[in-house]
Structure formats: C-alpha cells, structure tokens
file input.csv (CSV, C-alpha atoms)
chain,number,residue,atom,x,y,z
A,5,MET,CA,60.7,-24.6,86.5
A,6,ARG,CA,61.6,-26.6,83.5
A,7,GLN,CA,62.2,-30.3,84.5
A,8,VAL,CA,62.9,-33.1,82.0
A,9,SER,CA,61.3,-36.5,82.2
A,10,LEU,CA,63.6,-39.5,82.5
A,11,ARG,CA,63.6,-42.8,80.8
A,12,ALA,CA,65.0,-45.8,82.7
A,13,THR,CA,68.8,-45.8,82.8
A,14,ALA,CA,71.4,-47.8,84.7
A,15,ALA,CA,74.0,-46.5,87.2
A,16,VAL,CA,77.5,-47.1,85.9
A,17,GLY,CA,80.6,-46.3,87.9
A,18,ALA,CA,84.1,-45.4,86.5
A,19,VAL,CA,87.3,-44.2,88.1
A,20,LEU,CA,86.5,-40.9,89.7
A,21,VAL,CA,83.2,-40.8,87.9
A,22,VAL,CA,79.9,-41.2,89.6
A,23,THR,CA,76.8,-41.5,87.4
A,24,LEU,CA,73.2,-41.2,88.5
A,25,ALA,CA,70.5,-43.7,87.9
A,26,ALA,CA,66.8,-43.0,87.1
A,27,CYS,CA,63.7,-45.1,87.0
A,28,ALA,CA,61.0,-44.1,84.6
A,29,GLY,CA,59.2,-41.1,86.1
A,30,GLU,CA,61.1,-41.5,89.4
A,31,PRO,CA,64.6,-40.1,89.2
A,32,SER,CA,66.9,-41.3,92.0
A,33,ALA,CA,69.3,-39.4,94.3
A,34,PRO,CA,73.1,-39.4,93.5
A,35,ALA,CA,74.7,-42.8,94.1
A,36,SER,CA,77.9,-44.5,93.1
A,37,ALA,CA,77.6,-47.8,91.3
A,38,PRO,CA,77.8,-50.8,93.5
A,39,SER,CA,80.6,-53.3,93.2
A,40,GLY,CA,80.0,-55.6,90.2
A,41,SER,CA,77.9,-53.1,88.2
A,42,PRO,CA,77.9,-53.8,84.5
A,43,SER,CA,80.2,-51.8,82.3
A,44,ALA,CA,78.9,-49.0,80.0
A,45,SER,CA,79.3,-51.3,76.9
A,46,GLU,CA,77.3,-54.0,78.6
A,47,THR,CA,74.4,-51.8,79.6
A,48,ALA,CA,74.3,-50.0,76.3
A,49,LYS,CA,73.1,-53.3,74.6
A,50,ASP,CA,69.9,-53.3,76.6
A,51,GLU,CA,69.2,-49.7,77.7
A,52,SER,CA,69.4,-46.3,76.0
A,53,PRO,CA,71.3,-43.6,77.9
A,54,VAL,CA,69.0,-41.0,76.5
A,55,ALA,CA,67.3,-39.3,79.4
A,56,ASP,CA,65.8,-36.3,77.7
A,57,PRO,CA,65.1,-36.9,73.9
A,58,SER,CA,64.0,-33.3,73.4
A,59,HIS,CA,67.5,-32.1,74.4
A,60,ALA,CA,69.5,-35.0,73.0
A,61,VAL,CA,72.2,-34.7,70.4
A,62,GLU,CA,74.0,-37.3,68.3
A,63,MET,CA,75.6,-40.0,70.5
A,64,PRO,CA,79.4,-40.0,70.6
A,65,GLY,CA,81.2,-43.2,69.7
A,66,LYS,CA,84.5,-44.4,71.1
A,67,ARG,CA,86.9,-41.6,71.8
A,68,GLU,CA,89.3,-40.8,68.9
A,69,GLY,CA,92.4,-38.6,68.5
A,70,THR,CA,94.9,-37.1,70.9
A,71,LEU,CA,94.1,-36.0,74.5
A,72,HIS,CA,94.9,-32.3,74.8
A,73,SER,CA,96.0,-30.1,77.7
A,74,THR,CA,93.8,-27.1,78.5
A,75,ASP,CA,96.2,-24.1,78.5
A,76,LEU,CA,94.2,-21.1,77.4
A,77,LEU,CA,90.6,-20.0,77.4
A,78,ILE,CA,89.4,-17.4,74.9
A,79,LEU,CA,86.1,-15.8,75.9
A,80,SER,CA,84.1,-13.4,73.8
A,81,GLU,CA,80.7,-11.7,74.1
A,82,ASP,CA,79.8,-12.8,70.6
A,83,THR,CA,80.3,-16.0,68.5
A,84,LEU,CA,83.9,-16.4,67.5
A,85,SER,CA,84.1,-16.4,63.7
A,86,SER,CA,85.2,-19.5,61.8
A,87,SER,CA,88.0,-17.4,60.2
A,88,ASP,CA,89.4,-16.4,63.6
A,89,VAL,CA,89.2,-20.0,64.8
A,90,LYS,CA,91.1,-21.1,61.7
A,91,LYS,CA,93.8,-18.5,62.2
A,92,ILE,CA,94.2,-19.6,65.9
A,93,ARG,CA,94.5,-23.2,64.8
A,94,GLY,CA,97.3,-22.3,62.5
A,95,LEU,CA,99.4,-20.3,65.0
A,96,ASP,CA,102.8,-21.7,65.9
A,97,GLY,CA,102.6,-23.6,69.1
A,98,VAL,CA,98.9,-24.3,69.1
A,99,SER,CA,98.3,-28.0,69.1
A,100,GLY,CA,94.6,-28.2,69.7
A,101,VAL,CA,91.5,-26.0,69.6
A,102,GLU,CA,87.9,-26.7,70.8
A,103,GLN,CA,85.1,-24.2,70.3
A,104,ILE,CA,82.4,-24.2,73.0
A,105,SER,CA,79.8,-21.9,74.5
A,106,MET,CA,80.3,-20.5,78.0
A,107,ALA,CA,78.2,-18.5,80.4
A,108,GLN,CA,77.8,-18.0,84.2
A,109,VAL,CA,74.7,-18.7,86.1
A,110,SER,CA,73.8,-17.4,89.6
A,111,VAL,CA,73.3,-20.3,92.1
A,112,GLU,CA,72.9,-19.6,95.8
A,113,GLY,CA,74.8,-16.3,95.7
A,114,ARG,CA,77.7,-17.2,93.5
A,115,LEU,CA,78.3,-17.3,89.8
A,116,VAL,CA,79.0,-20.7,88.4
A,117,LYS,CA,80.5,-21.4,85.0
A,118,VAL,CA,78.7,-23.7,82.7
A,119,VAL,CA,79.8,-24.8,79.2
A,120,ALA,CA,77.8,-26.2,76.3
A,121,VAL,CA,79.9,-28.5,74.2
A,122,ASP,CA,80.0,-31.2,71.5
A,123,PRO,CA,80.5,-34.2,73.7
A,124,SER,CA,82.3,-36.2,71.0
A,125,THR,CA,85.1,-33.6,70.6
A,126,TYR,CA,85.2,-31.8,73.9
A,127,ARG,CA,86.0,-35.0,75.8
A,128,ASN,CA,89.6,-34.9,74.3
A,129,PHE,CA,90.2,-31.8,76.4
A,130,ALA,CA,88.9,-33.3,79.7
A,131,PRO,CA,91.1,-35.2,82.2
A,132,PHE,CA,91.7,-38.8,81.1
A,133,GLN,CA,89.4,-40.2,83.8
A,134,SER,CA,86.5,-38.5,82.1
A,135,ALA,CA,87.7,-38.4,78.5
A,136,ASP,CA,87.8,-42.2,78.3
A,137,SER,CA,84.4,-42.8,79.9
A,138,ASP,CA,81.9,-43.4,77.1
A,139,GLU,CA,79.1,-43.3,79.7
A,140,VAL,CA,79.8,-39.7,80.7
A,141,TRP,CA,79.6,-38.3,77.2
A,142,GLN,CA,76.6,-40.4,76.3
A,143,ARG,CA,74.8,-38.9,79.2
A,144,VAL,CA,75.7,-35.4,78.3
A,145,ALA,CA,74.6,-36.1,74.7
A,146,GLY,CA,71.4,-37.6,76.0
A,147,GLY,CA,70.4,-34.3,77.7
A,148,GLU,CA,71.9,-34.6,81.2
A,149,VAL,CA,74.6,-32.5,82.9
A,150,ALA,CA,78.1,-33.6,84.0
A,151,ILE,CA,79.4,-31.9,87.1
A,152,ASP,CA,83.0,-31.7,88.3
A,153,PRO,CA,83.0,-33.6,91.6
A,154,GLU,CA,85.2,-31.0,93.2
A,155,ARG,CA,82.6,-28.3,92.4
A,156,GLN,CA,79.4,-30.2,93.2
A,157,ASP,CA,78.8,-28.2,96.4
A,158,GLU,CA,78.2,-25.2,94.1
A,159,LEU,CA,75.5,-27.0,92.2
A,160,PRO,CA,73.5,-29.0,94.9
A,161,ALA,CA,71.2,-31.6,93.4
A,162,ASP,CA,67.7,-32.0,94.7
A,163,LYS,CA,66.3,-35.3,96.0
A,164,ASP,CA,65.5,-36.4,92.5
A,165,GLY,CA,68.9,-35.7,91.2
A,166,PHE,CA,68.2,-32.4,89.4
A,167,VAL,CA,70.3,-29.3,89.5
A,168,GLN,CA,68.9,-25.8,88.9
A,169,LEU,CA,71.1,-23.7,86.6
A,170,GLY,CA,70.2,-20.3,87.8
A,171,SER,CA,68.4,-18.6,90.7
A,172,LYS,CA,65.2,-17.4,89.1
A,173,LYS,CA,62.1,-19.4,89.8
A,174,ASP,CA,61.8,-20.7,86.2
A,175,ALA,CA,65.5,-21.5,85.9
A,176,THR,CA,66.5,-24.5,83.8
A,177,LYS,CA,66.6,-27.8,85.8
A,178,VAL,CA,68.7,-30.6,84.3
A,179,HIS,CA,69.2,-34.1,85.6
A,180,VAL,CA,72.8,-35.0,86.7
A,181,GLY,CA,74.1,-37.7,84.5
A,182,ALA,CA,77.7,-37.9,85.9
A,183,TYR,CA,80.1,-36.4,88.4
A,184,ALA,CA,83.2,-36.3,86.2
A,185,PRO,CA,86.4,-34.4,86.5
A,186,GLN,CA,86.6,-31.3,84.1
A,187,PRO,CA,89.6,-29.2,83.0
A,188,PRO,CA,90.8,-27.2,86.1
A,189,GLY,CA,89.6,-23.6,86.2
A,190,LEU,CA,87.2,-24.1,83.2
A,191,ALA,CA,83.7,-24.8,84.4
A,192,ALA,CA,81.7,-26.6,87.1
A,193,ALA,CA,79.1,-28.1,84.8
A,194,VAL,CA,78.9,-29.3,81.2
A,195,VAL,CA,75.8,-29.6,79.0
A,196,ASN,CA,75.3,-30.2,75.3
A,197,HIS,CA,74.6,-27.4,72.8
A,198,LYS,CA,70.8,-28.0,72.8
A,199,TRP,CA,70.7,-27.1,76.5
A,200,GLY,CA,73.1,-24.2,75.8
A,201,GLU,CA,70.7,-22.7,73.3
A,202,GLU,CA,67.7,-23.1,75.7
A,203,MET,CA,69.7,-21.3,78.4
A,204,GLY,CA,70.4,-18.4,76.1
A,205,MET,CA,74.2,-19.0,75.8
A,206,GLU,CA,76.0,-17.2,72.9
A,207,LYS,CA,76.9,-20.1,70.6
A,208,GLY,CA,80.6,-20.7,70.2
A,209,ASN,CA,81.7,-17.6,72.2
A,210,ALA,CA,84.7,-19.5,73.7
A,211,LEU,CA,87.7,-21.5,72.7
A,212,ILE,CA,89.9,-23.9,74.6
A,213,VAL,CA,93.4,-23.9,73.3
A,214,SER,CA,96.2,-26.4,73.9
A,215,THR,CA,99.8,-25.4,73.6
A,216,ALA,CA,101.4,-28.7,74.5
A,217,ALA,CA,104.8,-28.0,72.8
A,218,ILE,CA,105.5,-24.5,74.2
A,219,ALA,CA,104.7,-22.3,77.1
A,220,PRO,CA,101.2,-20.9,76.8
A,221,ASN,CA,102.3,-17.3,77.4
A,222,ARG,CA,104.1,-17.4,74.1
A,223,VAL,CA,100.9,-17.5,72.1
A,224,VAL,CA,98.8,-15.1,74.2
A,225,ALA,CA,99.8,-12.0,72.2
A,226,PRO,CA,99.3,-13.6,68.7
A,227,ILE,CA,95.9,-14.9,69.8
A,228,GLN,CA,94.9,-11.5,71.2
A,229,LYS,CA,95.9,-10.0,67.9
A,230,VAL,CA,93.5,-12.3,66.1
A,231,VAL,CA,90.5,-11.9,68.4
A,232,GLY,CA,91.0,-8.2,69.2
A,233,SER,CA,90.5,-6.4,72.5
A,234,ASP,CA,86.8,-7.3,72.9
A,235,ALA,CA,87.8,-10.9,73.7
A,236,SER,CA,89.6,-12.1,76.9
A,237,VAL,CA,92.5,-14.5,76.6
A,238,GLN,CA,92.9,-16.3,80.0
A,239,ARG,CA,95.5,-18.8,81.0
A,240,LEU,CA,94.3,-22.1,82.5
A,241,ASP,CA,97.7,-23.8,82.8
A,242,VAL,CA,99.1,-24.9,86.1
A,243,VAL,CA,101.1,-21.7,86.6
A,244,ALA,CA,98.2,-19.5,86.0
A,245,ARG,CA,96.0,-21.6,88.3
A,246,ALA,CA,98.2,-20.6,91.2
A,247,GLY,CA,96.7,-17.1,90.9
A,248,LEU,CA,95.0,-14.8,88.5
A,249,ASP,CA,97.1,-12.5,86.4
A,250,PRO,CA,96.3,-9.0,87.5
A,251,ASN,CA,97.3,-7.7,84.1
A,252,ALA,CA,94.8,-9.8,82.2
A,253,PRO,CA,91.3,-8.5,81.7
A,254,GLN,CA,88.7,-11.0,82.8
A,255,LYS,CA,85.1,-11.2,81.5
A,256,ALA,CA,81.8,-12.5,83.0
A,257,TYR,CA,78.9,-13.3,80.7
A,258,VAL,CA,75.7,-13.9,82.6
A,259,VAL,CA,72.6,-15.5,81.0
A,260,GLY,CA,69.0,-15.4,82.2
A,261,THR,CA,66.5,-12.7,83.1
A,262,VAL,CA,69.1,-10.6,85.0
A,263,ALA,CA,71.6,-10.5,82.1
A,264,GLU,CA,70.2,-7.0,81.2
A,265,ALA,CA,71.4,-5.7,84.6
A,266,VAL,CA,75.0,-7.0,84.0
A,267,GLY,CA,75.7,-6.5,80.3
A,268,ASN,CA,79.3,-6.7,79.1
A,269,TYR,CA,81.2,-7.0,82.4
A,270,THR,CA,85.0,-6.8,82.2
A,271,TYR,CA,87.3,-6.6,85.3
A,272,ARG,CA,90.8,-7.0,86.7
A,273,ALA,CA,91.6,-9.1,89.8
A,274,ASN,CA,93.3,-7.4,92.7
A,275,GLY,CA,95.6,-9.2,95.2
A,276,ASP,CA,93.2,-8.6,98.2
A,277,GLY,CA,90.2,-10.4,96.9
A,278,THR,CA,88.6,-7.3,95.4
A,279,ILE,CA,88.2,-6.7,91.6
A,280,THR,CA,88.3,-3.5,89.5
A,281,PRO,CA,85.5,-3.4,86.9
A,282,ALA,CA,85.9,-1.3,83.8
A,283,ALA,CA,85.3,2.3,84.7
A,284,SER,CA,82.8,2.6,81.7
A,285,TRP,CA,80.7,-0.3,83.2
A,286,VAL,CA,80.6,1.3,86.6
A,287,ARG,CA,79.5,4.7,85.1
A,288,SER,CA,76.7,3.1,83.0
A,289,HIS,CA,75.4,0.5,85.6
A,290,ILE,CA,76.1,1.7,89.2
A,291,VAL,CA,74.1,4.6,90.8
A,292,THR,CA,73.6,6.0,94.3
A,293,ALA,CA,69.9,6.5,95.2
A,294,GLN,CA,67.6,7.0,98.1
A,295,VAL,CA,65.3,4.1,99.2
A,296,PRO,CA,63.0,3.6,102.1
A,297,ILE,CA,64.4,2.4,105.5
A,298,LEU,CA,68.0,2.1,104.3
A,299,GLY,CA,68.4,5.7,103.0
A,300,SER,CA,71.3,6.1,100.5
A,301,VAL,CA,72.4,2.9,98.7
A,302,THR,CA,74.8,2.3,95.8
A,303,CYS,CA,73.5,-0.5,93.6
A,304,ASN,CA,72.9,-1.5,90.0
A,305,LYS,CA,70.5,1.0,88.4
A,306,VAL,CA,68.3,-1.8,87.0
A,307,MET,CA,67.6,-3.1,90.5
A,308,ILE,CA,66.9,0.2,92.3
A,309,PRO,CA,63.2,0.5,91.3
A,310,GLN,CA,62.3,-2.9,92.6
A,311,LEU,CA,64.4,-2.6,95.7
A,312,ARG,CA,62.7,0.7,96.4
A,313,ALA,CA,59.3,-0.9,95.8
A,314,ALA,CA,60.0,-3.8,98.1
A,315,LEU,CA,61.1,-1.6,100.9
A,316,GLN,CA,58.2,0.7,100.5
A,317,GLU,CA,55.8,-2.3,100.8
A,318,VAL,CA,57.6,-3.3,104.0
A,319,VAL,CA,56.9,0.3,105.3
A,320,ASP,CA,53.3,0.3,104.1
A,321,ARG,CA,52.6,-3.0,105.9
A,322,GLY,CA,54.0,-1.7,109.2
A,323,LEU,CA,57.1,-3.9,109.1
A,324,ALA,CA,59.8,-1.2,108.8
A,325,ARG,CA,61.1,-2.1,112.3
A,326,LYS,CA,62.0,-5.6,111.0
A,327,ILE,CA,64.9,-4.1,109.0
A,328,ASP,CA,67.6,-2.4,111.0
A,329,PRO,CA,69.3,0.2,108.7
A,330,SER,CA,72.4,0.2,111.0
A,331,GLN,CA,72.9,-3.5,110.0
A,332,TYR,CA,72.8,-2.9,106.3
A,333,ALA,CA,76.0,-4.3,104.9
A,334,GLY,CA,75.9,-2.9,101.4
A,335,CYS,CA,74.9,-3.6,97.8
A,336,TYR,CA,77.6,-2.9,95.2
A,337,TYR,CA,80.9,-4.3,96.4
A,338,PRO,CA,83.3,-5.5,93.6
A,339,ARG,CA,84.9,-8.6,95.0
A,340,PHE,CA,85.2,-12.3,94.8
A,341,ILE,CA,83.5,-14.6,97.3
A,342,ALA,CA,85.8,-15.1,100.2
A,343,ASN,CA,88.7,-17.5,99.6
A,344,THR,CA,87.7,-18.1,95.9
A,345,THR,CA,88.0,-16.5,92.5
A,346,GLN,CA,84.3,-16.7,91.9
A,347,LEU,CA,82.4,-13.5,91.5
A,348,SER,CA,79.8,-12.5,94.1
A,349,ASN,CA,76.5,-10.9,92.8
A,350,HIS,CA,77.6,-7.9,94.9
A,351,ALA,CA,80.1,-7.3,92.1
A,352,PHE,CA,77.2,-6.4,89.8
A,353,GLY,CA,75.4,-4.4,92.5
A,354,THR,CA,72.4,-6.9,92.3
A,355,ALA,CA,72.4,-8.0,95.9
A,356,VAL,CA,71.8,-6.5,99.4
A,357,ASP,CA,72.8,-7.8,102.8
A,358,LEU,CA,70.4,-6.9,105.7
A,359,ASN,CA,70.2,-7.4,109.4
A,360,THR,CA,73.7,-8.9,109.5
A,361,ALA,CA,74.1,-9.6,113.2
A,362,GLY,CA,71.4,-12.2,113.5
A,363,ASN,CA,71.6,-13.7,110.1
A,364,GLN,CA,75.0,-15.3,109.6
A,365,ARG,CA,75.9,-17.9,107.0
A,366,GLY,CA,74.9,-21.5,107.9
A,367,THR,CA,72.2,-20.4,110.4
A,368,VAL,CA,68.4,-20.3,110.1
A,369,GLY,CA,68.6,-16.6,110.8
A,370,GLU,CA,66.1,-14.1,112.3
A,371,MET,CA,64.8,-12.5,109.1
A,372,ASP,CA,61.1,-11.8,109.3
A,373,ARG,CA,59.4,-14.2,106.9
A,374,THR,CA,56.8,-11.7,105.7
A,375,VAL,CA,59.6,-9.4,104.8
A,376,VAL,CA,61.1,-12.3,102.9
A,377,SER,CA,57.9,-12.9,101.0
A,378,ILE,CA,57.7,-9.2,100.1
A,379,PHE,CA,61.2,-9.3,98.6
A,380,GLU,CA,60.5,-12.5,96.7
A,381,ARG,CA,57.4,-10.9,95.2
A,382,TRP,CA,59.5,-8.0,94.0
A,383,GLY,CA,62.0,-10.3,92.2
A,384,PHE,CA,64.5,-11.2,94.8
A,385,THR,CA,65.7,-14.6,96.0
A,386,TRP,CA,66.6,-15.1,99.6
A,387,GLY,CA,69.8,-16.8,100.8
A,388,GLY,CA,68.0,-18.3,103.8
A,389,ASN,CA,66.5,-20.9,101.4
A,390,TRP,CA,69.9,-22.1,100.2
A,391,LYS,CA,71.5,-25.4,101.1
A,392,TRP,CA,74.3,-23.5,102.8
A,393,THR,CA,72.2,-20.7,104.2
A,394,ASP,CA,72.9,-17.0,104.0
A,395,PRO,CA,69.8,-15.4,105.5
A,396,MET,CA,71.1,-11.8,105.4
A,397,HIS,CA,71.4,-12.0,101.6
A,398,PHE,CA,68.8,-11.0,99.0
A,399,GLU,CA,69.7,-11.0,95.4
A,400,MET,CA,67.8,-10.0,92.2
A,401,ASN,CA,66.7,-13.1,90.3
A,402,ARG,CA,64.3,-11.5,87.9
A,403,ILE,CA,63.6,-7.9,86.7
A,404,VAL,CA,60.4,-6.5,88.0
A,405,LYS,CA,59.3,-3.0,86.9
A,406,PRO,CA,56.9,-1.3,89.3
A,407,GLY,CA,53.7,-0.1,87.6

call {"tool": "encode", "arguments": {"input": "input.csv", "output": "structure tokens"}}
result
Amino acid sequence: MRQVSLRATAAVGAVLVVTLAACAGEPSAPASAPSGSPSASETAKDESPVADPSHAVEMPGKREGTLHSTDLLILSEDTLSSSDVKKIRGLDGVSGVEQISMAQVSVEGRLVKVVAVDPSTYRNFAPFQSADSDEVWQRVAGGEVAIDPERQDELPADKDGFVQLGSKKDATKVHVGAYAPQPPGLAAAVVNHKWGEEMGMEKGNALIVSTAAIAPNRVVAPIQKVVGSDASVQRLDVVARAGLDPNAPQKAYVVGTVAEAVGNYTYRANGDGTITPAASWVRSHIVTAQVPILGSVTCNKVMIPQLRAALQEVVDRGLARKIDPSQYAGCYYPRFIANTTQLSNHAFGTAVDLNTAGNQRGTVGEMDRTVVSIFERWGFTWGGNWKWTDPMHFEMNRIVKPG
C-alpha cells in the first residue's frame, strides 16, 4: 500500500474541526487539540504544514471572496469543458461555480465519495466552520485528507492516522489532516488535485453550483441543456437532501482496479431503498452463470471467472462443506445500503454473501479462514476484517483472470 511519510506538524483545533498531529516518522492517532493550543497563525511561523511534499500543491493564503451555498452538483464521466463551465457561470440565477474532480471508492463494503479540489477556491463552498480555518486547507494542500466528521465512520483511520481510499491491497493511503465539515451530501473526504490524479480521478468531471438568489430547480433545465444527457445534474439543497428525486438520473464513477467491472453506471432511486440501473448497463454487465457449490448465480460478468475459480479451489481442497449453498444470499442486488443513500457493491454485482446464519454484521463470524484465504488470493476482500465486521460478505477488490 502507498503510505506517505510525515514531517513534524502541530495539532491545531478549531470550532468543529479536529486536526491530527504527527511526529517525524511516527504519525499519531486522531486527537483534538488541548486547551491552550497555539493558533494556526502562531504555529505557521515555526513549522510547515506540509506533510507529504510529493503530493503538495501551492499553499492557500487567507480566504477571499464570498461564501457560497452548495445547491447543485453536476457530475460527468469526462472532464467538463471550459466552454461549458463558462456558459453555466453566465446563466441567470447562478451565483457561484467551482470545478472539482469526484469519484467513489469502495471502503468496507460501501462506496464513499471523494473529491479532489483546489483548496484555495473550494473552501468558499464549505460550511463556514471549515471555510475560515486556514489550517484545514493548508493540510489538504500539503497532501493530507480532510474528512467530514459526520462521515468518519465510513473512513476509519488506522492507529497511525491514515485512511485507505479503496479496498484493494495497494489502495492509496493518506494521512488525515483534519476532520472538518463539508457541504452536506457532497463527499466524505477531500484531497488535493495531485492525490486525485494518483487515484485515477477524471480531472474536473464535476461542478458545484450555487444559486443563492433563486430556487435551484429553476436552473436545472438550463444547465442540463448545456451539459447534455451524459451528465447528471443533482440537487444538494436542503429540500433535495430530504430525499432523492426519483426522476433525476444518478451516476456513480468508481476508480481503481475494479472500475472496468463497473463502467458508466447510471441509475434512478426508488422509494423502497432499491435502485433501477440503466437497462443498457444491466444487459452489458450482468449475467447468470453456473459456478461450483452455489450453482446458478447472477453477478457482474467480469467477476464470474474469478468467483468460479475461487469456489473450484475450495472444492479441490476438500472444503466444499464449509460453504452452505442454502445460505447464499445473492450477488447482484441493485440497492442502497440499509438506511442510507450509499450504493452497495451488490448494486454492481461485484459482491457475494455466504453462510448468512452464522456470519452476521458486527460479529467474528464462523467463516472458515482457509476459505477466506482462498477468496483473498482470487481477488476478493473479506468483510470479516473490517472495523464493523460483515463476515458473510466477499467483494471483488481487484480483477484476477484465471490462467
């Protein structure tokens, strides 16, 4: 796994912002600043906030300009052109526009949104508690990640204060620089553009739009006309946050080694927690096939060969009895994770649930550890290793093609 080295930095607290300290070569665990800690301006005189020079960008100065509401998100598969961005800036009712990169990474069975930004300009779209904290944006510029404190359970930090942005074994690991509030509904984590490029994000594929003077829905149609049907225009305003608009197409862009299995994923949200992916995506990505032990399964076609190979090795090693086909709980199931609007990997057909009765969430489970090791060798990650365990769950974290 990629892990950056840290130079000495000081822990600095701000209202609703918790930063992480690090001693040279020995990153610390998350901690809020003690009473009487020096201010960001005081520590800046003596110590550099740059934790990872190889991923650092230009340091932002004091915040300038107007704070903007985050009312609309425009998300495209490709980079949004400068001409389209200019047209959107000029639309009646649009008071602010910020171009960012956005992708979703798989972390412990759920897809987590990450954005790559210019810290000096994106901060004007963050809640005021974060926007006015120089320390937060210096740390993002210095190569660390800022995490929304309400979403930190989705990105658990290790004992050294690093979070892994992805589920594959060589997924990017970034040190947490701050727990700082982010625009509601936008993303759980914020990095700078250098990290975005390393993670494989499509540069500038998203726009945040502010419509402070008028209702956001009044500019949705004009914006959609500019960007065309290939881009998704999603409302982030307080009305929309009460529930997803079932008429608005949503998009998910997944980066990493499993992106090939997902491709261009567009869906609509249903009122019962399920989703309806585009029929063309289902036709091109989901298949029903026969595999050892389980029999007929409906999964992502990219995953079928390695699932079949893993189960065949289980059989060949005399462990077939360790998997009960009557307790197989499915593979492709287009839905959100319960009580959230976050996609499950089952929505892509890239996860399977096995031996459900004895392997409930939050338990150690009864999954045979040799079976686990076989699945891991064939490109799967096991939910039993997660902070909040899900031992029935195996999901593809890299593509393995049997010889």

call {"tool": "atom_distance", "arguments": {"input": "input.csv", "atom1": "atom CA of Ala313 of chain A", "atom2": "atom CA of Gly383 of chain A"}}
result
10.4 Å

call {"tool": "closest_residue", "arguments": {"input": "input.csv", "among": "A:Ala130, A:Ala351, A:Ala192, A:Ala333", "to": "Ala273 of chain A", "atoms": "all atoms listed in the file"}}
result
A:Ala351

call {"tool": "residues_around", "arguments": {"input": "input.csv", "residues": "Ala293 of chain A", "least_positions_apart": "4", "cutoff": "7 Å", "atoms": "only C-alpha atoms", "output": "ChimeraX atom specification"}}
result
/A:300-302

call {"tool": "closest_atom_pairs", "arguments": {"input": "input.csv", "of": "segment 47-149 of chain A", "to": "segment 213-225 of chain A", "cutoff": "12 Å", "atoms": "only C-alpha atoms", "output": "Markdown table"}}
result
| residue | atom | partner | partner_atom | distance |
| --- | --- | --- | --- | --- |
| A:Thr70 | CA | A:Ser214 | CA | 11.2 |
| A:Leu71 | CA | A:Ser214 | CA | 9.8 |
| A:His72 | CA | A:Ser214 | CA | 6.1 |
| A:Ser73 | CA | A:Ser214 | CA | 5.3 |
| A:Thr74 | CA | A:Ser214 | CA | 5.2 |
| A:Asp75 | CA | A:Ser214 | CA | 5.1 |
| A:Leu76 | CA | A:Val213 | CA | 5.0 |
| A:Leu77 | CA | A:Val213 | CA | 6.3 |
| A:Ile78 | CA | A:Val213 | CA | 7.8 |
| A:Leu79 | CA | A:Val213 | CA | 11.2 |
| A:Val89 | CA | A:Val213 | CA | 10.3 |
| A:Ile92 | CA | A:Val213 | CA | 8.6 |
| A:Arg93 | CA | A:Val213 | CA | 8.6 |
| A:Gly94 | CA | A:Val223 | CA | 11.3 |
| A:Leu95 | CA | A:Val223 | CA | 7.8 |
| A:Asp96 | CA | A:Val223 | CA | 7.7 |
| A:Gly97 | CA | A:Thr215 | CA | 5.6 |
| A:Val98 | CA | A:Thr215 | CA | 4.7 |
| A:Ser99 | CA | A:Thr215 | CA | 5.4 |
| A:Gly100 | CA | A:Ser214 | CA | 4.8 |
| A:Val101 | CA | A:Val213 | CA | 4.7 |
| A:Glu102 | CA | A:Val213 | CA | 6.7 |
| A:Gln103 | CA | A:Val213 | CA | 8.8 |
| A:Ile104 | CA | A:Val213 | CA | 11.0 |
| A:Tyr126 | CA | A:Val213 | CA | 11.4 |
| A:Asn128 | CA | A:Ser214 | CA | 10.8 |
| A:Phe129 | CA | A:Ser214 | CA | 8.5 |
| A:Ala130 | CA | A:Ser214 | CA | 11.6 |

call {"tool": "atom_distance", "arguments": {"input": "input.csv", "atom1": "atom CA of Val111 of chain A", "atom2": "atom CA of Gln168 of chain A"}}
result
7.7 Å

call {"tool": "atom_distance", "arguments": {"input": "input.csv", "atom1": "atom CA of Gly299 of chain A", "atom2": "atom CA of Ser284 of chain A"}}
result
25.9 Å

call {"tool": "closest_residue", "arguments": {"input": "input.csv", "among": "A:Thr354, A:Thr393, A:Asn304, A:Thr278", "to": "Pro338 of chain A", "atoms": "all atoms listed in the file"}}
result
A:Thr278

call {"tool": "closest_atom_pairs", "arguments": {"input": "input.csv", "of": "segment 242-351 of chain A", "to": "segment 229-236 of chain A", "cutoff": "7 Å", "atoms": "only C-alpha atoms", "output": "CSV"}}
result
residue,atom,partner,partner_atom,distance
A:Pro253,CA,A:Ser236,CA,6.2
A:Gln254,CA,A:Ser236,CA,6.1
A:Lys255,CA,A:Ser236,CA,6.5

call {"tool": "closest_residue", "arguments": {"input": "input.csv", "among": "A:Val167, A:Val54, A:Val178, A:Val194", "to": "Val121 of chain A", "atoms": "only C-alpha atoms"}}
result
A:Val194

call {"tool": "closest_residue", "arguments": {"input": "input.csv", "among": "A:Ser124, A:Asn268, A:Ser86, A:Asn274", "to": "Asp138 of chain A", "atoms": "only C-alpha atoms"}}
result
A:Ser124

call {"tool": "residues_near_point", "arguments": {"input": "input.csv", "point": "(65.6, -11.0, 81.1)", "cutoff": "12 Å", "atoms": "all atoms listed in the file", "output": "PyMOL selection string"}}
result
chain A and resi 172+174-175+203-204+258-267+306+383+400-405

call {"tool": "closest_residue", "arguments": {"input": "input.csv", "among": "A:His397, A:Arg114, A:Arg272, A:Lys326", "to": "Arg373 of chain A", "atoms": "only C-alpha atoms"}}
result
A:Lys326

call {"tool": "closest_residue", "arguments": {"input": "input.csv", "among": "A:Leu323, A:Asp82, A:Phe352, A:Phe166", "to": "Glu206 of chain A", "atoms": "all atoms listed in the file"}}
result
A:Asp82

call {"tool": "residues_around", "arguments": {"input": "input.csv", "residues": "segment 145-157 of chain A", "least_positions_apart": "6", "cutoff": "7 Å", "atoms": "all atoms listed in the file", "output": "number ranges by chain"}}
result
A: 53-57, 59-63, 123, 178-186, 192-196
